[in-house]
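Have a look at the structure below before the remarks.
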Amino acid sequence: MAETVTPTVDDTPPPASTRRERRGWYIYDWANSAFQTTVITVFLGPFITTVAELAAGCELGADTCDGYVYPLGIRVAAGSYYPYLISLSVFLTVFVLPVIGAIADRSAHKKRLLGGAAFTGAGATVAMIFVTGDRYLLGGALFLVANISFGAALVVYNSFLPQLGGPDERDGISSRGWALGYLGGGLLLAFNLVAVTLFSEDDNPQRTLDLARWSIVSAGVWWAVFTLVPLRWLRERPGAAAALARQGNVLTDGFRQLGRTLREIKAYPLTLFFLLAFLVYNDGI
């Protein structure tokens, strides 16, 4: 017989989570951190820049390139193409993530949301295998899909945390997930760096480019495979009582909630300063 849940207030203690459920939550950090380390931090920048330079008519392996590409008719220096993609993806996530957050708060099917976002991002990452020759536009489009999906999946992933433990437990749970994520992302990155070092050839830049492409693809496979674990071990739970009580449009509720947060955060100037500093620093690196 299904258990009847009668929400009362927002601080109602969450249902007891099992050790297996928490481990499943940790494993998702292990899964998606490979995208952050291998793709974003190391390989995608040089890879997509080289592809853009080839499209601009530059020689593969050249030290400098003064060529331009024209995505959507806009003149962009080939070497600046990747930073512009990063900026565009951050801009787009501003509109996507509040909506995803509102949906995740209301939904009793968070695992479906997590799987949909994670597999979309992982699939776009694996599809980088088709970014060959001068297909810089394909590479840029796949990156936008992968990076926005990465952010969306993180929002859903974080929405599980209040259901895994009380206020005094969440810091510890989050820290363990963060640590395991660094371990997983670092392991795959180390493997890929060793592979590129061992198998690249100084006089064969095409081989190095191919190794970088396969390294990127490996991160997508890693992300997808290990996402299967949290999808199996996490449990579906009812959405937050406060979110379920709202009857507004889910497409606008997230932005209204964000607006309220920004108004209320004025009472916490150090927190506001930290968030602004984090935004500038994190996007900078």
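Letters for chains follow the order of the structure tokens (A, B, ...), residue numbers begin at 1 for each chain, and ligand numbers begin at 1 in the order shown.
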
Next item on the list: Excluding Ala127 (chain A) and residues on its chain fewer than 5 positions from it, collect all residues at most 12 Å away from it, counting only C-alpha atoms, and give them as an NGL selection string.
Entry: :A and (119-122 or 132 or 138-143 or 145-146 or 213-214 or 216-221)

Write out the residues from the selection above, keeping C-alpha atoms, as a CSV table (one decimal), in the first residue's frame.
chain,number,residue,atom,x,y,z
A,119,PHE,CA,22.5,11.4,-21.4
A,120,THR,CA,21.9,14.4,-23.6
A,121,GLY,CA,25.1,16.0,-22.5
A,122,ALA,CA,27.1,12.7,-22.7
A,132,THR,CA,36.7,16.2,-38.1
A,138,LEU,CA,29.3,21.1,-35.5
A,139,GLY,CA,31.8,21.2,-32.7
A,140,GLY,CA,30.5,24.5,-31.4
A,141,ALA,CA,26.9,23.3,-31.5
A,142,LEU,CA,27.7,20.0,-29.7
A,143,PHE,CA,29.6,21.8,-27.0
A,145,VAL,CA,24.3,21.2,-26.0
A,146,ALA,CA,26.8,19.4,-23.8
A,213,ARG,CA,39.2,13.9,-30.0
A,214,TRP,CA,39.1,10.4,-28.6
A,216,ILE,CA,36.9,14.0,-25.4
A,217,VAL,CA,34.8,11.1,-26.5
A,218,SER,CA,36.0,9.0,-23.6
A,219,ALA,CA,34.7,11.6,-21.1
A,220,GLY,CA,31.2,11.3,-22.7
A,221,VAL,CA,31.3,7.5,-22.4

Contact check, region 103-206 of chain A to region 227-230 of chain A, at most 10 Å, counting only C-alpha atoms, closest pairs as CSV:
residue,atom,partner,partner_atom,distance
A:Lys111,CA,A:Pro230,CA,8.3
A:Leu114,CA,A:Thr227,CA,8.8
A:Gly115,CA,A:Thr227,CA,7.3
A:Ala118,CA,A:Thr227,CA,7.3
A:Phe119,CA,A:Thr227,CA,8.1
A:Ala122,CA,A:Thr227,CA,9.6
A:Tyr157,CA,A:Pro230,CA,9.7

Could the residues in this selection be written to a file with N, CA and C atoms, as a compact mmCIF listing (two decimals), in the first residue's frame?
# COMPACT_ATOMS: atom_id res chain seq x y z
N LYS A 111 14.72 11.47 -11.22
CA LYS A 111 15.66 10.57 -11.89
C LYS A 111 15.52 10.66 -13.40
N LEU A 114 17.23 13.87 -14.37
CA LEU A 114 18.68 13.71 -14.28
C LEU A 114 19.20 12.88 -15.45
N GLY A 115 18.54 11.77 -15.72
CA GLY A 115 18.98 10.92 -16.82
C GLY A 115 18.86 11.63 -18.16
N ALA A 118 21.68 14.30 -18.33
CA ALA A 118 23.01 13.69 -18.35
C ALA A 118 23.26 12.96 -19.67
N PHE A 119 22.30 12.17 -20.13
CA PHE A 119 22.52 11.42 -21.38
C PHE A 119 22.55 12.33 -22.60
N ALA A 122 26.08 13.77 -22.37
CA ALA A 122 27.06 12.74 -22.70
C ALA A 122 26.99 12.37 -24.18
N TYR A 157 20.64 17.20 -9.95
CA TYR A 157 21.46 16.44 -9.01
C TYR A 157 21.46 17.09 -7.63

I'd like the contact shell of region 65-67 of chain A - 8 Å cut-off, only C-alpha atoms, skipping same-chain residues fewer than 3 positions apart - returned as a PDB file with C-alpha atoms, in the first residue's frame.
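Here's the written file part_0.pdb:
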ATOM      1  CA  GLU A  53      41.900  27.376 -37.545  1.00  0.00           C
ATOM      2  CA  ALA A  56      40.048  29.553 -41.461  1.00  0.00           C
ATOM      3  CA  GLY A  57      42.613  28.118 -43.885  1.00  0.00           C
ATOM      4  CA  CYS A  58      45.501  27.835 -41.441  1.00  0.00           C
ATOM      5  CA  ALA A  62      51.074  26.230 -37.272  1.00  0.00           C
ATOM      6  CA  ALA A  77      39.138  35.217 -35.112  1.00  0.00           C
ATOM      7  CA  ALA A  78      39.728  31.468 -35.165  1.00  0.00           C
ATOM      8  CA  GLY A  79      41.672  31.623 -31.906  1.00  0.00           C
TER       9      GLY A  79
END

Smallest atom-to-atom distance to Gln206 (chain A): which of A:Ile74, A:Ile173, A:Leu54, A:Leu92, using only C-alpha atoms?
->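 Looking at the shortest contact to Gln206 (chain A), the residue is A:Leu54.
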
Using only C-alpha atoms, pick whichever of A:Val76, A:Val42, A:Leu88, A:Asp168 has the shortest atom-to-atom distance to Ile148 (chain A).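 Checking each candidate against Ile148 (chain A), we get A:Leu88 as the closest.
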